[in-house]
Every structure is written in structure tokens, then in C-alpha cells.
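File shown here: query03.tsv, holding TSV, C-alpha atoms and all ligand atoms.
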chain	number	residue	atom	x	y	z
A	1	MET	CA	2.84	19.72	2.37
A	2	PRO	CA	4.82	22.44	4.21
A	3	ALA	CA	8.56	21.86	4.38
A	4	ASN	CA	8.46	21.31	8.15
A	5	GLN	CA	6.28	18.25	7.59
A	6	LEU	CA	8.59	16.62	5.08
A	7	GLY	CA	8.51	12.86	5.05
A	8	LYS	CA	5.37	12.53	7.15
A	9	LEU	CA	3.37	11.10	4.29
A	10	ILE	CA	4.82	7.67	3.51
A	11	VAL	CA	3.77	5.69	0.45
A	12	ILE	CA	4.56	1.97	0.41
A	13	THR	CA	4.14	0.20	-2.92
A	14	GLY	CA	5.19	-3.18	-4.26
A	15	PRO	CA	3.70	-6.24	-5.89
A	16	SER	CA	0.95	-8.27	-4.29
A	17	GLY	CA	2.40	-10.84	-1.90
A	18	VAL	CA	5.76	-9.10	-1.45
A	19	GLY	CA	5.00	-8.56	2.23
A	20	LYS	CA	3.78	-4.95	2.37
A	21	GLY	CA	1.01	-5.75	4.84
A	22	THR	CA	3.37	-7.78	7.02
A	23	LEU	CA	5.99	-5.01	7.10
A	24	VAL	CA	3.44	-2.28	7.76
A	25	ASN	CA	1.90	-4.27	10.63
A	26	PHE	CA	5.30	-4.58	12.30
A	27	LEU	CA	5.94	-0.88	11.84
A	28	LEU	CA	2.55	0.02	13.34
A	29	GLN	CA	3.12	-2.27	16.34
A	30	ARG	CA	6.58	-0.88	17.03
A	31	HIS	CA	5.88	2.80	16.38
A	32	PRO	CA	2.54	3.98	17.77
A	33	GLN	CA	3.10	7.40	16.20
A	34	LEU	CA	2.64	5.81	12.76
A	35	LYS	CA	-0.87	5.59	11.37
A	36	LEU	CA	-2.15	3.63	8.41
A	37	SER	CA	-4.74	5.06	6.05
A	38	ILE	CA	-7.59	2.56	5.65
A	39	SER	CA	-8.50	2.30	1.99
A	40	ALA	CA	-11.86	1.74	0.35
A	41	THR	CA	-12.24	-1.17	-2.05
A	42	THR	CA	-14.87	-2.99	-4.07
A	43	ARG	CA	-13.07	-6.33	-3.65
A	44	GLN	CA	-14.76	-9.00	-1.55
A	45	PRO	CA	-13.48	-9.30	2.03
A	46	ARG	CA	-11.12	-12.23	2.60
A	47	PRO	CA	-11.80	-14.53	5.53
A	48	GLY	CA	-10.79	-12.70	8.70
A	49	GLU	CA	-10.81	-9.23	7.16
A	50	VAL	CA	-12.80	-6.68	9.13
A	51	GLU	CA	-14.74	-3.70	7.80
A	52	GLY	CA	-13.02	-0.46	8.77
A	53	VAL	CA	-9.87	-2.29	9.92
A	54	ASN	CA	-8.49	-3.86	6.73
A	55	TYR	CA	-10.61	-1.89	4.28
A	56	PHE	CA	-13.89	-0.08	3.93
A	57	PHE	CA	-15.69	-2.56	1.69
A	58	LEU	CA	-17.96	-0.71	-0.75
A	59	ASN	CA	-20.09	-1.82	-3.66
A	60	LYS	CA	-19.25	-0.44	-7.08
A	61	LYS	CA	-22.03	2.15	-7.02
A	62	ASP	CA	-20.99	3.58	-3.65
A	63	PHE	CA	-17.35	3.66	-4.72
A	64	GLU	CA	-18.26	5.54	-7.88
A	65	THR	CA	-20.28	7.99	-5.79
A	66	ALA	CA	-17.22	8.55	-3.58
A	67	ILE	CA	-15.18	9.29	-6.73
A	68	LEU	CA	-17.79	11.75	-8.00
A	69	ASN	CA	-18.02	13.47	-4.62
A	70	GLN	CA	-14.22	13.83	-4.63
A	71	GLU	CA	-13.95	11.96	-1.35
A	72	LEU	CA	-10.85	10.06	-2.52
A	73	LEU	CA	-7.32	11.41	-2.56
A	74	GLU	CA	-6.48	8.90	-5.28
A	75	TRP	CA	-8.05	5.77	-6.64
A	76	ALA	CA	-7.14	3.04	-9.11
A	77	GLU	CA	-8.46	-0.11	-10.66
A	78	TYR	CA	-6.48	-3.22	-9.73
A	79	ALA	CA	-7.27	-6.78	-10.85
A	80	GLY	CA	-10.85	-5.84	-11.67
A	81	ASN	CA	-11.66	-3.92	-8.49
A	82	TYR	CA	-11.50	-0.32	-7.35
A	83	TYR	CA	-9.18	0.75	-4.55
A	84	GLY	CA	-8.92	4.28	-3.16
A	85	THR	CA	-7.63	6.41	-0.31
A	86	PRO	CA	-10.28	8.35	1.64
A	87	LYS	CA	-9.16	11.96	1.48
A	88	ALA	CA	-10.43	13.46	4.74
A	89	GLY	CA	-8.43	11.27	7.14
A	90	VAL	CA	-5.14	11.72	5.33
A	91	ILE	CA	-5.47	15.50	5.03
A	92	GLU	CA	-6.32	15.72	8.73
A	93	GLU	CA	-3.27	13.66	9.77
A	94	ILE	CA	-0.98	15.74	7.57
A	95	LYS	CA	-2.42	18.96	9.05
A	96	GLN	CA	-1.73	17.63	12.53
A	97	GLY	CA	1.84	16.87	11.50
A	98	ASN	CA	1.36	13.14	12.06
A	99	TYR	CA	2.96	10.27	10.20
A	100	ILE	CA	0.55	8.56	7.83
A	101	ILE	CA	1.26	5.50	5.72
A	102	LEU	CA	-0.48	4.72	2.43
A	103	GLU	CA	-0.07	1.11	1.28
A	104	ILE	CA	-1.16	1.41	-2.34
A	105	GLU	CA	-0.44	0.14	-5.84
A	106	LEU	CA	1.60	1.86	-8.56
A	107	ALA	CA	-0.99	4.09	-10.24
A	108	GLY	CA	-2.07	5.43	-6.84
A	109	ALA	CA	1.55	6.01	-5.82
A	110	ARG	CA	2.05	8.04	-9.00
A	111	SER	CA	-1.04	10.16	-8.24
A	112	VAL	CA	0.21	10.84	-4.72
A	113	ALA	CA	3.61	11.85	-6.11
A	114	ASP	CA	1.85	14.49	-8.20
A	115	LEU	CA	-0.27	15.73	-5.29
A	116	PHE	CA	2.46	15.55	-2.61
A	117	PRO	CA	5.90	15.60	-4.25
A	118	GLU	CA	7.52	15.63	-0.78
A	119	ALA	CA	5.99	12.31	0.24
A	120	LEU	CA	8.48	9.56	0.98
A	121	ARG	CA	7.85	6.83	-1.57
A	122	ILE	CA	9.19	3.35	-0.94
A	123	PHE	CA	9.04	0.34	-3.26
A	124	ILE	CA	9.19	-3.13	-1.73
A	125	LEU	CA	10.82	-5.79	-3.92
A	126	PRO	CA	10.71	-9.58	-3.61
A	127	PRO	CA	14.02	-11.54	-3.54
A	128	SER	CA	12.81	-13.16	-6.81
A	129	ILE	CA	9.63	-13.68	-8.84
A	130	GLU	CA	9.64	-17.35	-7.79
A	131	GLU	CA	9.66	-16.36	-4.11
A	132	LEU	CA	6.89	-13.83	-4.80
A	133	GLU	CA	4.70	-16.53	-6.32
A	134	GLN	CA	5.44	-18.81	-3.38
A	135	ARG	CA	4.39	-16.15	-0.89
A	136	ILE	CA	1.12	-15.46	-2.71
A	137	ARG	CA	0.43	-19.21	-2.77
A	138	ASN	CA	1.40	-19.73	0.88
A	139	ARG	CA	-0.96	-16.96	1.93
A	140	GLY	CA	-3.73	-19.13	0.54
A	141	THR	CA	-6.19	-16.30	-0.05
A	142	ASN	CA	-6.06	-16.11	-3.86
A	143	THR	CA	-7.53	-18.27	-6.62
A	144	GLU	CA	-5.29	-19.56	-9.46
A	145	GLU	CA	-6.74	-16.88	-11.72
A	146	SER	CA	-6.05	-14.06	-9.29
A	147	ILE	CA	-2.53	-15.42	-8.60
A	148	ALA	CA	-1.74	-15.34	-12.33
A	149	ASN	CA	-3.24	-11.87	-12.62
A	150	ARG	CA	-1.28	-10.56	-9.62
A	151	LEU	CA	1.99	-11.99	-11.00
A	152	GLU	CA	1.39	-10.31	-14.35
A	153	ILE	CA	0.71	-6.96	-12.67
A	154	ALA	CA	3.78	-7.56	-10.45
A	155	GLN	CA	6.13	-7.60	-13.45
A	156	LYS	CA	4.79	-4.23	-14.62
A	157	GLU	CA	5.00	-2.73	-11.14
A	158	ILE	CA	8.58	-3.93	-10.60
A	159	ALA	CA	9.56	-2.27	-13.90
A	160	ALA	CA	8.63	1.09	-12.30
A	161	ARG	CA	10.79	0.60	-9.19
A	162	ASP	CA	13.22	3.40	-10.18
A	163	GLU	CA	10.47	6.00	-9.84
A	164	PHE	CA	10.66	5.55	-6.07
A	165	ASP	CA	12.87	7.30	-3.50
A	166	LEU	CA	13.94	4.00	-2.03
A	167	GLN	CA	13.77	0.32	-2.93
A	168	ILE	CA	13.86	-2.31	-0.22
A	169	VAL	CA	14.14	-6.04	-0.86
A	170	ASN	CA	11.95	-7.95	1.58
A	171	ASP	CA	14.09	-11.04	1.99
A	172	ASP	CA	15.01	-11.10	5.66
A	173	LEU	CA	12.00	-9.53	7.39
A	174	GLU	CA	13.92	-7.89	10.26
A	175	GLN	CA	16.42	-6.39	7.84
A	176	ALA	CA	13.62	-4.94	5.68
A	177	ILE	CA	11.94	-3.47	8.77
A	178	ALA	CA	15.23	-1.90	9.88
A	179	LEU	CA	15.67	-0.27	6.46
A	180	LEU	CA	12.11	1.06	6.57
A	181	GLU	CA	12.67	2.47	10.07
A	182	ALA	CA	15.89	4.14	8.95
A	183	ALA	CA	14.07	5.78	6.03
A	184	ILE	CA	11.09	6.95	8.07
A	185	PHE	CA	13.04	8.08	11.15
A	186	PRO	CA	16.36	9.18	9.61
A	187	SER	CA	17.79	10.87	12.72
A	188	SER	CA	17.03	8.09	15.23
A	201	LIG	N1	-4.26	2.97	-5.51
A	201	LIG	C1	-4.58	2.29	-4.42
A	201	LIG	N2	-4.18	1.02	-4.25
A	201	LIG	C2	-4.53	0.38	-3.11
A	201	LIG	C3	-5.30	0.99	-2.10
A	201	LIG	N3	-5.48	0.09	-1.10
A	201	LIG	C4	-4.83	-1.02	-1.46
A	201	LIG	N4	-4.26	-0.87	-2.67
A	201	LIG	C5	-3.44	-1.82	-3.42
A	201	LIG	O1	-4.27	-2.71	-4.13
A	201	LIG	C6	-3.56	-3.91	-4.38
A	201	LIG	C7	-4.42	-5.11	-4.06
A	201	LIG	O2	-4.67	-5.17	-2.69
A	201	LIG	P1	-5.35	-6.45	-2.05
A	201	LIG	O3	-6.56	-6.83	-2.83
A	201	LIG	O4	-5.55	-6.19	-0.59
A	201	LIG	O5	-4.33	-7.61	-2.37
A	201	LIG	P2	-2.92	-8.07	-1.86
A	201	LIG	O6	-1.92	-6.97	-2.09
A	201	LIG	O7	-2.70	-9.23	-2.72
A	201	LIG	O8	-3.05	-8.39	-0.40
A	201	LIG	C8	-2.28	-3.83	-3.53
A	201	LIG	O9	-1.20	-3.47	-4.38
A	201	LIG	C9	-2.59	-2.72	-2.56
A	201	LIG	O10	-1.40	-2.04	-2.15
A	201	LIG	C10	-5.71	2.35	-2.31
A	201	LIG	O11	-6.35	2.99	-1.49
A	201	LIG	N5	-5.34	2.93	-3.48
A	202	LIG	N1	10.42	-11.49	4.57
A	202	LIG	C1	9.53	-12.48	4.37
A	202	LIG	N2	9.96	-13.75	4.22
A	202	LIG	C2	9.08	-14.76	4.00
A	202	LIG	N3	7.73	-14.61	3.93
A	202	LIG	C3	7.24	-13.37	4.06
A	202	LIG	C4	8.10	-12.24	4.30
A	202	LIG	N4	7.34	-11.14	4.39
A	202	LIG	C5	6.05	-11.55	4.23
A	202	LIG	N5	5.99	-12.88	4.05
A	202	LIG	C6	4.78	-13.71	3.80
A	202	LIG	O1	4.36	-13.48	2.46
A	202	LIG	C7	2.94	-13.51	2.36
A	202	LIG	C8	2.43	-12.22	1.71
A	202	LIG	O2	2.63	-11.16	2.61
A	202	LIG	P1	1.60	-9.92	2.69
A	202	LIG	O3	2.09	-9.05	3.81
A	202	LIG	O4	0.19	-10.41	2.74
A	202	LIG	O5	1.89	-9.23	1.27
A	202	LIG	P2	1.23	-7.96	0.54
A	202	LIG	O6	0.56	-7.13	1.60
A	202	LIG	O7	2.38	-7.25	-0.10
A	202	LIG	O8	0.27	-8.51	-0.48
A	202	LIG	C9	2.40	-13.73	3.77
A	202	LIG	O9	2.09	-15.10	3.94
A	202	LIG	C10	3.58	-13.31	4.66
A	202	LIG	O10	3.58	-14.00	5.88

Kindly transcribe the structure held in the file into C-alpha cells.
Amino acid sequence: MPANQLGKLIVITGPSGVGKGTLVNFLLQRHPQLKLSISATTRQPRPGEVEGVNYFFLNKKDFETAILNQELLEWAEYAGNYYGTPKAGVIEEIKQGNYIILEIELAGARSVADLFPEALRIFILPPSIEELEQRIRNRGTNTEESIANRLEIAQKEIAARDEFDLQIVNDDLEQAIALLEAAIFPSS
């Protein structure tokens, strides 16, 4: 990324249930200049999720074809499913000098750091593991097995928090949003 576009690619990572989606939705509502990259995944849609809005839902074969055709900027396996960032949209937004947010897990964030060292990488932390579990449970969209799996992955992800430019604890929602805004729009 050219130096004059520093900070336009924003990577948001953090354990499942920490509130990434909630924070990103607030940011998108408040700052129309921010865009979110819609990922592809092989996971089943949750009730209420819409194709092309939450994710592009692909079967395994089509996802693997996308990998082979180099259509993904990065991809990773998470809790038994593939997740990946479609390349074309992100490259186009960067070329236009627009802000683009990737909400992705740790392995993907590491790949993006290699590809775009200037990207702003933010790790969202829960106030505690107990609160994280509570949030995943309250959301009501995961089975016991997938809750346990997500909590196990969470511990590993949290251990990598120091790799990120910035760590934000999502305790008070408004405070976390304010910290994100300050990082993304440093001069405002
Ligand atoms: N590497 C990578 N991770 C992604 C992508 N899209 C979503 N993820 C991550 O995959 C993980 C699982 O997402 P999801 O199944 O929606 O579960 P949730 O985080 O529990 O709501 C989360 O950590 C997401 O940030 C992507 O395009 N690439
Ligand atoms: N600061 C917060 N305090 C309390 N609950 C929160 C907070 N942020 C998010 N939540 C709740 O936690 C749950 C998980 O949030 P979500 O945005 O789906 O997480 P993620 O996208 O990281 O998996 C949701 O029910 C959401 O309403």
C-alpha cells in the first residue's frame, strides 16, 4: 500500500463472541466512509444471516476452487470451516483510497500483516474469559460443542494479542467504539 494510503486497511481480530460484529456495525453506521469486506465461508448460515450481506456462503468445493483460482486475499480454517477474504473488492477499495475493514481471525490477520505491513491491526479483548463465554451463550447461535471449541480457540488467539498494533477491551461498548474511532481517524 502506498504511504499516502496508510491506515486505510483495517484488520479487526479477536475471539468469537468478544463483540467484533457489534463494534463493526456501530462503526459502519456512524462512518459511511468505512466499508466492510464481506467474507466467503463454508459455515452454515445462522438464522437471519443473508447471503452477500453477512457472508458469501459457499460449499467446500466452490471455496476450494476460489483458493485455487487465487480469488482470496487470505483464507483460514476455523472451527472446521473455511473463511476467506475475496481479493478483488479489497484491492479495488485500497486503489480508490477508501477505508476497508476486514473482520477476520488470527491466521488471516497474520497473512494480511505479511501482505500489507502498513495495515492497522486491532485486537479486541473481552473483559474476562467468563464474560466471553457469557456473551457467546447469550447470543444463542452456537451449540455446546461449538461454544467449547470457540473458547478453546479464544485462549490461543488472546495469547497472540501482542502481535497487534492496538488492543482494545470491549467492556463498555461506547468506550470501545471511541477507542476504535480514535485509532482509525487519528486526527479527528
Ligand atoms: N481468516 C479469516 N477469518 C474470517 C473471515 N471472515 C470471518 N472470519 C473469522 O472467522 C471466525 C468465525 O466467524 P463466525 O463463524 O461468523 O463466528 P463468530 O465470530 O462466532 O460470530 C471469526 O473469528 C471471524 O472473525 C475471513 O474472511 N478470513
Ligand atoms: N460491550 C459489550 N457488552 C456486553 N455485551 C456485548 C458487548 N459487545 C457485544 N456484546 C454482545 O456479545 C455478543 C457477541 O457479540 P458479536 O458482535 O456477535 O461478537 P463477535 O462478532 O466477536 O463474534 C452479542 O450478543 C452482543 O450483543

Just the residues within 8 Å of range 8-12 of chain A, please, counting only C-alpha atoms, with nothing from its chain fewer than 6 positions along; format it as a PyMOL selection string. chain A and resi 20+94+97-104+109+118-124+184

For the selection you just gave me, I'd like the residues written to a file as a compact mmCIF listing (two decimals), in the coordinates of the input, keeping C-alpha atoms.
# COMPACT_ATOMS: atom_id res chain seq x y z
CA LYS A 20 3.78 -4.95 2.37
CA ILE A 94 -0.98 15.74 7.57
CA GLY A 97 1.84 16.87 11.50
CA ASN A 98 1.36 13.14 12.06
CA TYR A 99 2.96 10.27 10.20
CA ILE A 100 0.55 8.56 7.83
CA ILE A 101 1.26 5.50 5.72
CA LEU A 102 -0.48 4.72 2.43
CA GLU A 103 -0.07 1.11 1.28
CA ILE A 104 -1.16 1.41 -2.34
CA ALA A 109 1.55 6.01 -5.82
CA GLU A 118 7.52 15.63 -0.78
CA ALA A 119 5.99 12.31 0.24
CA LEU A 120 8.48 9.56 0.98
CA ARG A 121 7.85 6.83 -1.57
CA ILE A 122 9.19 3.35 -0.94
CA PHE A 123 9.04 0.34 -3.26
CA ILE A 124 9.19 -3.13 -1.73
CA ILE A 184 11.09 6.95 8.07

Assuming 5 Å of padding per side, give the centre and edge lengths of the axis-aligned box around every listed atom of ligand LIG 201 (chain A), in Å to one decimal and as AutoDock Vina command-line options.
--center_x -3.9 --center_y -3.1 --center_z -3.0 --size_x 15.4 --size_y 22.2 --size_z 15.1

What residues of the protein or nucleic acid chains come within 6 Å of ligand LIG 201 (chain A) when you use only C-alpha atoms and all ligand atoms? Reply as JSON, numbers by chain. {"A": [15, 16, 17, 39, 40, 75, 76, 83, 84, 85, 103, 104, 105, 107, 108]}

Quick one: contact table of chain A to ligand LIG 202 (chain A), 10 Å max, nearest atom pair and distance in Å to one decimal per residue, counting all atoms listed in the file, chain and number order, as a tab-separated table?
residue	atom	partner	partner_atom	distance
A:Ile12	CA	A:LIG202	O7	9.5
A:Thr13	CA	A:LIG202	O7	8.2
A:Gly14	CA	A:LIG202	O7	6.5
A:Pro15	CA	A:LIG202	O7	6.0
A:Ser16	CA	A:LIG202	O8	3.9
A:Gly17	CA	A:LIG202	O8	3.5
A:Val18	CA	A:LIG202	O7	4.1
A:Gly19	CA	A:LIG202	O5	3.3
A:Lys20	CA	A:LIG202	O7	3.7
A:Gly21	CA	A:LIG202	O6	3.6
A:Thr22	CA	A:LIG202	O3	3.7
A:Leu23	CA	A:LIG202	O3	6.5
A:Val24	CA	A:LIG202	O3	8.0
A:Asn25	CA	A:LIG202	O3	8.3
A:Glu103	CA	A:LIG202	O6	8.3
A:Ile104	CA	A:LIG202	O6	9.6
A:Glu105	CA	A:LIG202	O7	9.8
A:Ile124	CA	A:LIG202	O7	8.1
A:Leu125	CA	A:LIG202	O7	9.4
A:Pro126	CA	A:LIG202	N1	8.4
A:Pro127	CA	A:LIG202	N1	8.9
A:Glu131	CA	A:LIG202	C2	8.3
A:Leu132	CA	A:LIG202	O1	7.7
A:Glu133	CA	A:LIG202	O1	9.3
A:Gln134	CA	A:LIG202	O1	8.0
A:Arg135	CA	A:LIG202	O1	4.3
A:Ile136	CA	A:LIG202	C8	5.6
A:Arg137	CA	A:LIG202	O9	8.0
A:Asn138	CA	A:LIG202	O9	5.6
A:Arg139	CA	A:LIG202	O9	4.1
A:Gly140	CA	A:LIG202	O9	7.9
A:Thr141	CA	A:LIG202	O4	9.1
A:Arg150	CA	A:LIG202	O8	9.5
A:Val169	CA	A:LIG202	N1	8.5
A:Asn170	CA	A:LIG202	N1	4.9
A:Asp171	CA	A:LIG202	N1	4.5
A:Asp172	CA	A:LIG202	N1	4.7
A:Leu173	CA	A:LIG202	N1	3.8
A:Glu174	CA	A:LIG202	N1	7.6
A:Gln175	CA	A:LIG202	N1	8.5
A:Ala176	CA	A:LIG202	N1	7.4
A:Ile177	CA	A:LIG202	N1	9.2

Grab the residues selected above and save them as a compact mmCIF listing (two decimals), in the frame of the given file with C-alpha atoms.
# COMPACT_ATOMS: atom_id res chain seq x y z
CA ILE A 12 4.56 1.97 0.41
CA THR A 13 4.14 0.20 -2.92
CA GLY A 14 5.19 -3.18 -4.26
CA PRO A 15 3.70 -6.24 -5.89
CA SER A 16 0.95 -8.27 -4.29
CA GLY A 17 2.40 -10.84 -1.90
CA VAL A 18 5.76 -9.10 -1.45
CA GLY A 19 5.00 -8.56 2.23
CA LYS A 20 3.78 -4.95 2.37
CA GLY A 21 1.01 -5.75 4.84
CA THR A 22 3.37 -7.78 7.02
CA LEU A 23 5.99 -5.01 7.10
CA VAL A 24 3.44 -2.28 7.76
CA ASN A 25 1.90 -4.27 10.63
CA GLU A 103 -0.07 1.11 1.28
CA ILE A 104 -1.16 1.41 -2.34
CA GLU A 105 -0.44 0.14 -5.84
CA ILE A 124 9.19 -3.13 -1.73
CA LEU A 125 10.82 -5.79 -3.92
CA PRO A 126 10.71 -9.58 -3.61
CA PRO A 127 14.02 -11.54 -3.54
CA GLU A 131 9.66 -16.36 -4.11
CA LEU A 132 6.89 -13.83 -4.80
CA GLU A 133 4.70 -16.53 -6.32
CA GLN A 134 5.44 -18.81 -3.38
CA ARG A 135 4.39 -16.15 -0.89
CA ILE A 136 1.12 -15.46 -2.71
CA ARG A 137 0.43 -19.21 -2.77
CA ASN A 138 1.40 -19.73 0.88
CA ARG A 139 -0.96 -16.96 1.93
CA GLY A 140 -3.73 -19.13 0.54
CA THR A 141 -6.19 -16.30 -0.05
CA ARG A 150 -1.28 -10.56 -9.62
CA VAL A 169 14.14 -6.04 -0.86
CA ASN A 170 11.95 -7.95 1.58
CA ASP A 171 14.09 -11.04 1.99
CA ASP A 172 15.01 -11.10 5.66
CA LEU A 173 12.00 -9.53 7.39
CA GLU A 174 13.92 -7.89 10.26
CA GLN A 175 16.42 -6.39 7.84
CA ALA A 176 13.62 -4.94 5.68
CA ILE A 177 11.94 -3.47 8.77

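Relative to CA of Phe164 in chain A, CA of Arg110 in chain A is found at 9.4 Å.
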
CA of Leu58 in chain A to CA of Arg43 in chain A, distance in Å rounded to a single decimal: 8.0 Å

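Closest to Val112 in chain A among A:Leu72, A:Pro32, A:Ala79, A:Leu151 is A:Leu72, based on all atoms listed in the file.
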
Give me the residues near Asn54 in chain A as a PyMOL selection string, where near means some atom within 9 Å (using only C-alpha atoms) and where sequence neighbours in that chain fewer than 5 positions away do not count. chain A and resi 38-39+45+49

Would you fill the gaps in range 10-34 of chain A so it has N, CA, C and O atoms, then print it as a PDB file, keeping the file's coordinate frame?
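Ended up saving to result11.pdb:
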ATOM      1  N   ILE A  10       3.950   8.766   3.945  1.00  0.00           N
ATOM      2  CA  ILE A  10       4.820   7.670   3.510  1.00  0.00           C
ATOM      3  C   ILE A  10       3.999   6.743   2.615  1.00  0.00           C
ATOM      4  O   ILE A  10       2.943   6.242   3.030  1.00  0.00           O
ATOM      5  N   VAL A  11       4.469   6.556   1.396  1.00  0.00           N
ATOM      6  CA  VAL A  11       3.770   5.690   0.450  1.00  0.00           C
ATOM      7  C   VAL A  11       4.556   4.399   0.297  1.00  0.00           C
ATOM      8  O   VAL A  11       5.753   4.436  -0.017  1.00  0.00           O
ATOM      9  N   ILE A  12       3.900   3.276   0.548  1.00  0.00           N
ATOM     10  CA  ILE A  12       4.560   1.970   0.410  1.00  0.00           C
ATOM     11  C   ILE A  12       3.870   1.204  -0.719  1.00  0.00           C
ATOM     12  O   ILE A  12       2.658   0.961  -0.676  1.00  0.00           O
ATOM     13  N   THR A  13       4.660   0.880  -1.724  1.00  0.00           N
ATOM     14  CA  THR A  13       4.140   0.200  -2.920  1.00  0.00           C
ATOM     15  C   THR A  13       4.999  -1.036  -3.177  1.00  0.00           C
ATOM     16  O   THR A  13       6.138  -1.119  -2.728  1.00  0.00           O
ATOM     17  N   GLY A  14       4.440  -1.970  -3.916  1.00  0.00           N
ATOM     18  CA  GLY A  14       5.190  -3.180  -4.260  1.00  0.00           C
ATOM     19  C   GLY A  14       4.190  -4.238  -4.674  1.00  0.00           C
ATOM     20  O   GLY A  14       3.002  -4.118  -4.367  1.00  0.00           O
ATOM     21  N   PRO A  15       4.647  -5.263  -5.363  1.00  0.00           N
ATOM     22  CA  PRO A  15       3.700  -6.240  -5.890  1.00  0.00           C
ATOM     23  C   PRO A  15       2.927  -6.991  -4.803  1.00  0.00           C
ATOM     24  O   PRO A  15       3.401  -7.112  -3.672  1.00  0.00           O
ATOM     25  N   SER A  16       1.770  -7.458  -5.193  1.00  0.00           N
ATOM     26  CA  SER A  16       0.950  -8.270  -4.290  1.00  0.00           C
ATOM     27  C   SER A  16       1.771  -9.446  -3.785  1.00  0.00           C
ATOM     28  O   SER A  16       2.472 -10.104  -4.540  1.00  0.00           O
ATOM     29  N   GLY A  17       1.723  -9.686  -2.481  1.00  0.00           N
ATOM     30  CA  GLY A  17       2.400 -10.840  -1.900  1.00  0.00           C
ATOM     31  C   GLY A  17       3.843 -10.595  -1.513  1.00  0.00           C
ATOM     32  O   GLY A  17       4.501 -11.466  -0.944  1.00  0.00           O
ATOM     33  N   VAL A  18       4.351  -9.387  -1.756  1.00  0.00           N
ATOM     34  CA  VAL A  18       5.760  -9.100  -1.450  1.00  0.00           C
ATOM     35  C   VAL A  18       5.983  -8.972   0.064  1.00  0.00           C
ATOM     36  O   VAL A  18       7.116  -9.099   0.531  1.00  0.00           O
ATOM     37  N   GLY A  19       4.887  -8.689   0.779  1.00  0.00           N
ATOM     38  CA  GLY A  19       5.000  -8.560   2.230  1.00  0.00           C
ATOM     39  C   GLY A  19       4.732  -7.153   2.746  1.00  0.00           C
ATOM     40  O   GLY A  19       5.068  -6.834   3.882  1.00  0.00           O
ATOM     41  N   LYS A  20       4.071  -6.326   1.953  1.00  0.00           N
ATOM     42  CA  LYS A  20       3.780  -4.950   2.370  1.00  0.00           C
ATOM     43  C   LYS A  20       2.966  -4.927   3.667  1.00  0.00           C
ATOM     44  O   LYS A  20       3.289  -4.214   4.606  1.00  0.00           O
ATOM     45  N   GLY A  21       1.897  -5.722   3.664  1.00  0.00           N
ATOM     46  CA  GLY A  21       1.010  -5.750   4.840  1.00  0.00           C
ATOM     47  C   GLY A  21       1.766  -6.218   6.073  1.00  0.00           C
ATOM     48  O   GLY A  21       1.612  -5.643   7.162  1.00  0.00           O
ATOM     49  N   THR A  22       2.596  -7.237   5.910  1.00  0.00           N
ATOM     50  CA  THR A  22       3.370  -7.780   7.020  1.00  0.00           C
ATOM     51  C   THR A  22       4.324  -6.711   7.572  1.00  0.00           C
ATOM     52  O   THR A  22       4.390  -6.486   8.784  1.00  0.00           O
ATOM     53  N   LEU A  23       5.033  -6.043   6.677  1.00  0.00           N
ATOM     54  CA  LEU A  23       5.990  -5.010   7.100  1.00  0.00           C
ATOM     55  C   LEU A  23       5.272  -3.848   7.789  1.00  0.00           C
ATOM     56  O   LEU A  23       5.712  -3.379   8.848  1.00  0.00           O
ATOM     57  N   VAL A  24       4.174  -3.419   7.189  1.00  0.00           N
ATOM     58  CA  VAL A  24       3.440  -2.280   7.760  1.00  0.00           C
ATOM     59  C   VAL A  24       2.909  -2.634   9.143  1.00  0.00           C
ATOM     60  O   VAL A  24       2.981  -1.828  10.074  1.00  0.00           O
ATOM     61  N   ASN A  25       2.416  -3.866   9.312  1.00  0.00           N
ATOM     62  CA  ASN A  25       1.900  -4.270  10.630  1.00  0.00           C
ATOM     63  C   ASN A  25       2.988  -4.214  11.692  1.00  0.00           C
ATOM     64  O   ASN A  25       2.747  -3.752  12.810  1.00  0.00           O
ATOM     65  N   PHE A  26       4.185  -4.673  11.346  1.00  0.00           N
ATOM     66  CA  PHE A  26       5.300  -4.580  12.300  1.00  0.00           C
ATOM     67  C   PHE A  26       5.608  -3.134  12.640  1.00  0.00           C
ATOM     68  O   PHE A  26       5.816  -2.781  13.799  1.00  0.00           O
ATOM     69  N   LEU A  27       5.640  -2.295  11.609  1.00  0.00           N
ATOM     70  CA  LEU A  27       5.940  -0.880  11.840  1.00  0.00           C
ATOM     71  C   LEU A  27       4.903  -0.245  12.776  1.00  0.00           C
ATOM     72  O   LEU A  27       5.246   0.501  13.692  1.00  0.00           O
ATOM     73  N   LEU A  28       3.626  -0.565  12.534  1.00  0.00           N
ATOM     74  CA  LEU A  28       2.550   0.020  13.340  1.00  0.00           C
ATOM     75  C   LEU A  28       2.647  -0.448  14.797  1.00  0.00           C
ATOM     76  O   LEU A  28       2.421   0.323  15.728  1.00  0.00           O
ATOM     77  N   GLN A  29       2.999  -1.734  14.976  1.00  0.00           N
ATOM     78  CA  GLN A  29       3.120  -2.270  16.340  1.00  0.00           C
ATOM     79  C   GLN A  29       4.279  -1.616  17.084  1.00  0.00           C
ATOM     80  O   GLN A  29       4.189  -1.333  18.277  1.00  0.00           O
ATOM     81  N   ARG A  30       5.367  -1.381  16.364  1.00  0.00           N
ATOM     82  CA  ARG A  30       6.580  -0.880  17.030  1.00  0.00           C
ATOM     83  C   ARG A  30       6.599   0.625  17.183  1.00  0.00           C
ATOM     84  O   ARG A  30       7.335   1.148  18.010  1.00  0.00           O
ATOM     85  N   HIS A  31       5.836   1.323  16.367  1.00  0.00           N
ATOM     86  CA  HIS A  31       5.880   2.800  16.380  1.00  0.00           C
ATOM     87  C   HIS A  31       4.467   3.354  16.422  1.00  0.00           C
ATOM     88  O   HIS A  31       3.858   3.618  15.388  1.00  0.00           O
ATOM     89  N   PRO A  32       3.935   3.533  17.638  1.00  0.00           N
ATOM     90  CA  PRO A  32       2.540   3.980  17.770  1.00  0.00           C
ATOM     91  C   PRO A  32       2.275   5.325  17.110  1.00  0.00           C
ATOM     92  O   PRO A  32       1.121   5.669  16.859  1.00  0.00           O
ATOM     93  N   GLN A  33       3.341   6.096  16.840  1.00  0.00           N
ATOM     94  CA  GLN A  33       3.100   7.400  16.200  1.00  0.00           C
ATOM     95  C   GLN A  33       2.783   7.255  14.710  1.00  0.00           C
ATOM     96  O   GLN A  33       2.371   8.212  14.066  1.00  0.00           O
ATOM     97  N   LEU A  34       2.975   6.040  14.172  1.00  0.00           N
ATOM     98  CA  LEU A  34       2.640   5.810  12.760  1.00  0.00           C
ATOM     99  C   LEU A  34       1.180   5.420  12.628  1.00  0.00           C
ATOM    100  O   LEU A  34       0.671   4.620  13.423  1.00  0.00           O
TER     101      LEU A  34
END
